[in-house]
Amino acid sequence: LMLSPDYYNIDSVLAEEEKIPSEFLYDVDKLGYLDPGAEDSQIAKHTKVSLPYWLSRSLVSKKIVRVDAPSCYNQRFRTNLEANPHVINLCRHPFYYEIGQGVTWMTRDMELLDILRAAHLGRYRMILEKSHNMRTHDVTEFTSKLTKREVELFNKEFNATALFEAWKERRDDMLRASTTLTRTRSLASSSSSSSSSSSSSSSSSSLGEDDKKRKRNEDHESGGSRARY
């Protein structure tokens, strides 16, 4: 995990403010302000100060300073990290791996690089397992011990697992009629009911007129028969 080369990446800006113990290899003029105890503008050879990562890296590349690994990369911390990386609380070091790789480059400490890789791999597996099995648990305590990148990884896997479970249960796969289609069907049903009622009324009216005509004809024939007798 390397720092982003993007100048406007906020994570890189914050990470590069990490303080790195540095020692000047020469007397340097006009940099006295970097040493809180300096009495003039010159910083003396062998002066030890804590410099921001971005500055120490630049000065190391020019062979003006040498650096030591911060305390979170010392031998004691490494031993604990090697023994059981899963229980180490890295919340105070949100960019632990990124700065660690930078320190490795500046100190040429390949042992540290190997430890960081092994720790990252071990914690990566743990994060994947937890993200799949903690859907019904409070994850705050667990994520509070992770670096920033580890929290991002956990959240992505956690959300992906939730979406996968929803897909398996088909909660997001049900087809529903659109509002427009539902409204159209309702209007068609109402129109059909009205047409049926109108047809029934017309039929009843027609039948009533036929009955009246038939009755008049019968009365007329009956009256004619009585007149002949």
# chains A, B, ... in the order shown; residues from 1 in each chain; ligands from 1
call {"tool": "residues_around", "arguments": {"residues": "region 69-81 of chain A", "least_positions_apart": "2", "cutoff": "8 Å", "atoms": "only C-alpha atoms", "output": "PDB file with C-alpha atoms, in the first residue's frame"}}
result
ATOM      1  CA  LYS A  19       6.559  12.862  12.070  1.00  0.00           C
ATOM      2  CA  ILE A  20       9.774  10.975  11.321  1.00  0.00           C
ATOM      3  CA  PRO A  21      12.811  11.102  13.672  1.00  0.00           C
ATOM      4  CA  VAL A  67      16.085   8.851   9.584  1.00  0.00           C
ATOM      5  CA  ALA A  83       3.441 -12.914  16.824  1.00  0.00           C
ATOM      6  CA  ASN A  84      -0.225 -11.991  16.427  1.00  0.00           C
ATOM      7  CA  PRO A  85      -1.093  -9.225  13.960  1.00  0.00           C
ATOM      8  CA  ILE A  88      -2.639  -5.194  17.416  1.00  0.00           C
ATOM      9  CA  GLY A 100       5.946   1.975   6.908  1.00  0.00           C
ATOM     10  CA  VAL A 103      10.314   4.333   6.137  1.00  0.00           C
ATOM     11  CA  THR A 107      16.177   3.244   5.988  1.00  0.00           C
ATOM     12  CA  LEU A 112      10.440  -4.208   8.199  1.00  0.00           C
ATOM     13  CA  ILE A 115       6.913  -7.843   8.502  1.00  0.00           C
ATOM     14  CA  ALA A 119       0.932  -8.460   8.949  1.00  0.00           C
TER      15      ALA A 119
END
call {"tool": "residues_around", "arguments": {"residues": "Tyr53 (chain A)", "least_positions_apart": "6", "cutoff": "12 Å", "atoms": "only C-alpha atoms", "output": "number ranges by chain"}}
result
A: 3, 12-22, 59-60, 67-70, 95, 98-103, 105-106
call {"tool": "write_last_selection", "arguments": {"atoms": "N, CA, C and O atoms", "output": "CSV table (one decimal), in the first residue's frame"}}
result
chain,number,residue,atom,x,y,z
A,3,LEU,N,1.5,5.5,-0.8
A,3,LEU,CA,0.7,6.7,-0.8
A,3,LEU,C,0.4,7.1,-2.2
A,3,LEU,O,1.1,6.9,-3.1
A,12,SER,N,-3.3,11.3,1.3
A,12,SER,CA,-1.8,11.5,1.1
A,12,SER,C,-1.4,12.7,1.9
A,12,SER,O,-0.3,12.7,2.5
A,13,VAL,N,-2.1,13.8,1.9
A,13,VAL,CA,-1.8,15.0,2.6
A,13,VAL,C,-1.7,14.7,4.1
A,13,VAL,O,-0.7,15.1,4.7
A,14,LEU,N,-2.7,14.0,4.6
A,14,LEU,CA,-2.7,13.7,6.1
A,14,LEU,C,-1.5,12.8,6.4
A,14,LEU,O,-0.9,12.9,7.4
A,15,ALA,N,-1.3,11.8,5.6
A,15,ALA,CA,-0.3,10.8,5.9
A,15,ALA,C,1.1,11.4,5.9
A,15,ALA,O,1.9,11.0,6.7
A,16,GLU,N,1.4,12.3,5.0
A,16,GLU,CA,2.7,12.8,4.8
A,16,GLU,C,3.0,13.8,5.9
A,16,GLU,O,4.1,14.3,5.9
A,17,GLU,N,2.1,14.1,6.8
A,17,GLU,CA,2.4,15.0,8.0
A,17,GLU,C,2.9,14.1,9.1
A,17,GLU,O,3.3,14.7,10.2
A,18,GLU,N,2.9,12.8,9.0
A,18,GLU,CA,3.5,11.9,10.0
A,18,GLU,C,4.9,12.3,10.3
A,18,GLU,O,5.7,12.5,9.5
A,19,LYS,N,5.2,12.4,11.7
A,19,LYS,CA,6.6,12.9,12.1
A,19,LYS,C,7.5,11.7,12.0
A,19,LYS,O,7.3,10.6,12.5
A,20,ILE,N,8.7,12.0,11.5
A,20,ILE,CA,9.8,11.0,11.3
A,20,ILE,C,11.0,11.5,12.1
A,20,ILE,O,11.5,12.6,11.8
A,21,PRO,N,11.6,10.7,13.0
A,21,PRO,CA,12.8,11.1,13.7
A,21,PRO,C,14.0,11.2,12.7
A,21,PRO,O,14.3,10.3,12.0
A,22,SER,N,14.6,12.4,12.6
A,22,SER,CA,15.6,12.6,11.6
A,22,SER,C,16.9,13.2,12.3
A,22,SER,O,16.8,14.0,13.2
A,59,LEU,N,14.7,15.3,2.1
A,59,LEU,CA,16.1,15.5,2.6
A,59,LEU,C,16.9,14.2,2.5
A,59,LEU,O,18.2,14.3,2.3
A,60,VAL,N,16.3,13.1,2.7
A,60,VAL,CA,17.0,11.8,2.6
A,60,VAL,C,17.5,11.6,1.2
A,60,VAL,O,18.6,11.1,0.9
A,67,VAL,N,17.3,9.0,8.8
A,67,VAL,CA,16.1,8.9,9.6
A,67,VAL,C,16.1,7.5,10.4
A,67,VAL,O,16.8,6.6,10.0
A,68,ASP,N,15.4,7.5,11.5
A,68,ASP,CA,15.1,6.3,12.3
A,68,ASP,C,13.6,6.0,12.1
A,68,ASP,O,12.8,6.9,11.9
A,69,ALA,N,13.3,4.7,12.3
A,69,ALA,CA,11.9,4.3,12.2
A,69,ALA,C,11.2,4.9,13.4
A,69,ALA,O,11.7,4.9,14.6
A,70,PRO,N,10.0,5.4,13.3
A,70,PRO,CA,9.1,5.8,14.4
A,70,PRO,C,8.9,4.7,15.4
A,70,PRO,O,9.1,3.5,15.1
A,95,PHE,N,-2.3,5.4,8.8
A,95,PHE,CA,-1.6,5.1,7.6
A,95,PHE,C,-0.4,4.3,7.9
A,95,PHE,O,0.7,4.5,7.3
A,98,GLU,N,1.3,2.5,4.7
A,98,GLU,CA,1.8,3.4,3.7
A,98,GLU,C,3.1,4.1,4.2
A,98,GLU,O,4.1,4.2,3.5
A,99,ILE,N,3.1,4.6,5.5
A,99,ILE,CA,4.3,5.3,6.1
A,99,ILE,C,5.4,4.2,6.3
A,99,ILE,O,6.6,4.5,6.1
A,100,GLY,N,5.0,3.0,6.7
A,100,GLY,CA,5.9,2.0,6.9
A,100,GLY,C,6.7,1.7,5.7
A,100,GLY,O,8.0,1.5,5.7
A,101,GLN,N,6.1,1.6,4.5
A,101,GLN,CA,6.8,1.4,3.3
A,101,GLN,C,7.8,2.5,3.0
A,101,GLN,O,8.9,2.3,2.4
A,102,GLY,N,7.3,3.8,3.3
A,102,GLY,CA,8.2,4.9,3.1
A,102,GLY,C,9.4,4.9,3.9
A,102,GLY,O,10.5,5.2,3.5
A,103,VAL,N,9.2,4.5,5.2
A,103,VAL,CA,10.3,4.3,6.1
A,103,VAL,C,11.3,3.2,5.7
A,103,VAL,O,12.5,3.4,5.8
A,105,TRP,N,11.9,2.5,2.6
A,105,TRP,CA,12.7,3.0,1.5
A,105,TRP,C,13.8,3.9,2.1
A,105,TRP,O,15.0,3.9,1.6
A,106,MET,N,13.5,4.7,3.1
A,106,MET,CA,14.5,5.7,3.6
A,106,MET,C,15.5,5.0,4.4
A,106,MET,O,16.7,5.5,4.5
call {"tool": "atom_distance", "arguments": {"atom1": "CA of Ser58 (chain A)", "atom2": "CA of Ala38 (chain A)"}}
result
21.5 Å
call {"tool": "select_by_dssp", "arguments": {"residues": "region 34-207 of chain A", "states": "alpha helix (DSSP H)", "output": "PyMOL selection string"}}
result
chain A and resi 53-61+75-83+96-107+110-133+140-143+148-168+179-207
call {"tool": "select_by_dssp", "arguments": {"residues": "region 26-80 of chain A", "states": "strand (DSSP E)", "output": "list in words"}}
result
Lys48, Val49, Ser50, Leu51, Pro52, Val65, Arg66 and Val67 of chain A
call {"tool": "write_last_selection", "arguments": {"atoms": "N, CA and C atoms", "output": "PDB file, in the first residue's frame"}}
result
ATOM      1  N   LYS A  48      19.084  16.361  16.045  1.00  0.00           N
ATOM      2  CA  LYS A  48      17.976  15.425  15.847  1.00  0.00           C
ATOM      3  C   LYS A  48      16.649  16.157  16.021  1.00  0.00           C
ATOM      4  N   VAL A  49      15.807  16.055  15.027  1.00  0.00           N
ATOM      5  CA  VAL A  49      14.487  16.686  15.051  1.00  0.00           C
ATOM      6  C   VAL A  49      13.475  15.730  14.417  1.00  0.00           C
ATOM      7  N   SER A  50      12.211  15.972  14.700  1.00  0.00           N
ATOM      8  CA  SER A  50      11.131  15.206  14.056  1.00  0.00           C
ATOM      9  C   SER A  50      10.596  16.026  12.901  1.00  0.00           C
ATOM     10  N   LEU A  51      10.716  15.470  11.713  1.00  0.00           N
ATOM     11  CA  LEU A  51      10.287  16.183  10.509  1.00  0.00           C
ATOM     12  C   LEU A  51       9.080  15.479   9.883  1.00  0.00           C
ATOM     13  N   PRO A  52       8.240  16.245   9.189  1.00  0.00           N
ATOM     14  CA  PRO A  52       7.131  15.603   8.465  1.00  0.00           C
ATOM     15  C   PRO A  52       7.674  14.620   7.429  1.00  0.00           C
ATOM     16  N   VAL A  65      19.907  14.331   5.524  1.00  0.00           N
ATOM     17  CA  VAL A  65      19.553  13.741   6.819  1.00  0.00           C
ATOM     18  C   VAL A  65      19.497  12.223   6.692  1.00  0.00           C
ATOM     19  N   ARG A  66      19.536  11.568   7.834  1.00  0.00           N
ATOM     20  CA  ARG A  66      19.214  10.145   7.905  1.00  0.00           C
ATOM     21  C   ARG A  66      18.038  10.023   8.877  1.00  0.00           C
ATOM     22  N   VAL A  67      17.276   8.982   8.756  1.00  0.00           N
ATOM     23  CA  VAL A  67      16.085   8.851   9.584  1.00  0.00           C
ATOM     24  C   VAL A  67      16.111   7.537  10.357  1.00  0.00           C
TER      25      VAL A  67
END
call {"tool": "atom_distance", "arguments": {"atom1": "CA of Val139 (chain A)", "atom2": "CA of Glu169 (chain A)"}}
result
23.5 Å
call {"tool": "atom_distance", "arguments": {"atom1": "CA of Val28 (chain A)", "atom2": "CA of Ile64 (chain A)"}}
result
8.5 Å
call {"tool": "decode", "arguments": {"residues": "region 22-50 of chain A", "atoms": "N, CA, C and O atoms", "output": "CSV table (one decimal), in the first residue's frame"}}
result
chain,number,residue,atom,x,y,z
A,22,SER,N,14.6,12.4,12.6
A,22,SER,CA,15.6,12.6,11.6
A,22,SER,C,16.9,13.2,12.3
A,22,SER,O,16.8,14.0,13.2
A,23,GLU,N,18.0,13.0,11.7
A,23,GLU,CA,19.3,13.5,12.1
A,23,GLU,C,20.0,14.2,11.0
A,23,GLU,O,20.2,13.5,9.9
A,24,PHE,N,20.4,15.4,11.1
A,24,PHE,CA,21.1,16.1,10.1
A,24,PHE,C,22.6,15.6,10.0
A,24,PHE,O,23.3,15.4,11.0
A,25,LEU,N,23.0,15.4,8.8
A,25,LEU,CA,24.4,14.9,8.5
A,25,LEU,C,25.4,16.0,8.3
A,25,LEU,O,26.6,15.8,8.3
A,26,TYR,N,24.9,17.3,8.2
A,26,TYR,CA,25.8,18.4,7.9
A,26,TYR,C,25.2,19.6,8.6
A,26,TYR,O,24.0,19.7,9.0
A,27,ASP,N,26.1,20.6,8.8
A,27,ASP,CA,25.6,21.9,9.2
A,27,ASP,C,24.8,22.6,8.0
A,27,ASP,O,25.3,22.6,6.9
A,28,VAL,N,23.6,23.0,8.3
A,28,VAL,CA,22.8,23.5,7.2
A,28,VAL,C,22.3,24.9,7.6
A,28,VAL,O,21.7,25.1,8.7
A,29,ASP,N,22.5,25.9,6.7
A,29,ASP,CA,22.1,27.3,7.0
A,29,ASP,C,20.7,27.5,6.6
A,29,ASP,O,20.1,26.8,5.7
A,30,LYS,N,20.0,28.4,7.3
A,30,LYS,CA,18.6,28.8,7.0
A,30,LYS,C,17.6,27.8,7.3
A,30,LYS,O,16.5,27.9,6.8
A,31,LEU,N,18.0,26.7,8.0
A,31,LEU,CA,17.0,25.7,8.4
A,31,LEU,C,16.9,25.6,9.9
A,31,LEU,O,16.3,24.7,10.5
A,32,GLY,N,17.4,26.6,10.6
A,32,GLY,CA,17.3,26.6,12.1
A,32,GLY,C,15.9,26.6,12.6
A,32,GLY,O,15.7,26.1,13.7
A,33,TYR,N,14.9,27.1,11.9
A,33,TYR,CA,13.5,27.1,12.3
A,33,TYR,C,13.0,25.7,12.5
A,33,TYR,O,11.9,25.5,13.2
A,34,LEU,N,13.7,24.7,11.9
A,34,LEU,CA,13.2,23.3,12.1
A,34,LEU,C,13.5,22.8,13.5
A,34,LEU,O,12.9,21.8,13.9
A,35,ASP,N,14.5,23.4,14.1
A,35,ASP,CA,14.9,22.9,15.5
A,35,ASP,C,14.4,23.9,16.5
A,35,ASP,O,14.8,25.1,16.6
A,36,PRO,N,13.4,23.5,17.4
A,36,PRO,CA,12.9,24.4,18.4
A,36,PRO,C,13.9,25.0,19.3
A,36,PRO,O,13.8,26.1,19.9
A,37,GLY,N,15.1,24.3,19.5
A,37,GLY,CA,16.1,24.8,20.4
A,37,GLY,C,17.2,25.6,19.7
A,37,GLY,O,18.2,26.0,20.4
A,38,ALA,N,17.1,25.8,18.4
A,38,ALA,CA,18.1,26.5,17.7
A,38,ALA,C,18.1,28.0,18.1
A,38,ALA,O,17.1,28.6,18.3
A,39,GLU,N,19.3,28.6,18.2
A,39,GLU,CA,19.5,30.0,18.6
A,39,GLU,C,19.7,30.9,17.4
A,39,GLU,O,19.7,32.1,17.5
A,40,ASP,N,20.0,30.3,16.2
A,40,ASP,CA,20.2,31.1,15.0
A,40,ASP,C,19.5,30.4,13.8
A,40,ASP,O,18.8,29.4,14.0
A,41,SER,N,19.8,30.9,12.6
A,41,SER,CA,19.2,30.3,11.4
A,41,SER,C,19.9,29.0,10.9
A,41,SER,O,19.5,28.4,10.0
A,42,GLN,N,21.0,28.7,11.6
A,42,GLN,CA,21.8,27.5,11.2
A,42,GLN,C,21.4,26.3,12.1
A,42,GLN,O,21.1,26.4,13.2
A,43,ILE,N,21.3,25.1,11.4
A,43,ILE,CA,21.0,23.9,12.1
A,43,ILE,C,22.3,23.1,12.1
A,43,ILE,O,22.9,22.9,11.0
A,44,ALA,N,22.7,22.7,13.3
A,44,ALA,CA,24.1,22.0,13.4
A,44,ALA,C,24.0,20.6,13.0
A,44,ALA,O,23.0,19.9,13.0
A,45,LYS,N,25.2,20.1,12.6
A,45,LYS,CA,25.4,18.7,12.3
A,45,LYS,C,25.0,17.8,13.5
A,45,LYS,O,25.3,18.2,14.6
A,46,HIS,N,24.4,16.7,13.3
A,46,HIS,CA,23.9,15.7,14.3
A,46,HIS,C,22.7,16.2,15.1
A,46,HIS,O,22.3,15.5,16.1
A,47,THR,N,22.1,17.3,14.7
A,47,THR,CA,20.9,17.8,15.3
A,47,THR,C,19.8,16.8,15.0
A,47,THR,O,19.6,16.4,13.8
A,48,LYS,N,19.1,16.4,16.0
A,48,LYS,CA,18.0,15.4,15.8
A,48,LYS,C,16.6,16.2,16.0
A,48,LYS,O,16.4,16.8,17.1
A,49,VAL,N,15.8,16.1,15.0
A,49,VAL,CA,14.5,16.7,15.1
A,49,VAL,C,13.5,15.7,14.4
A,49,VAL,O,13.8,14.8,13.7
A,50,SER,N,12.2,16.0,14.7
A,50,SER,CA,11.1,15.2,14.1
A,50,SER,C,10.6,16.0,12.9
A,50,SER,O,10.1,17.1,13.1
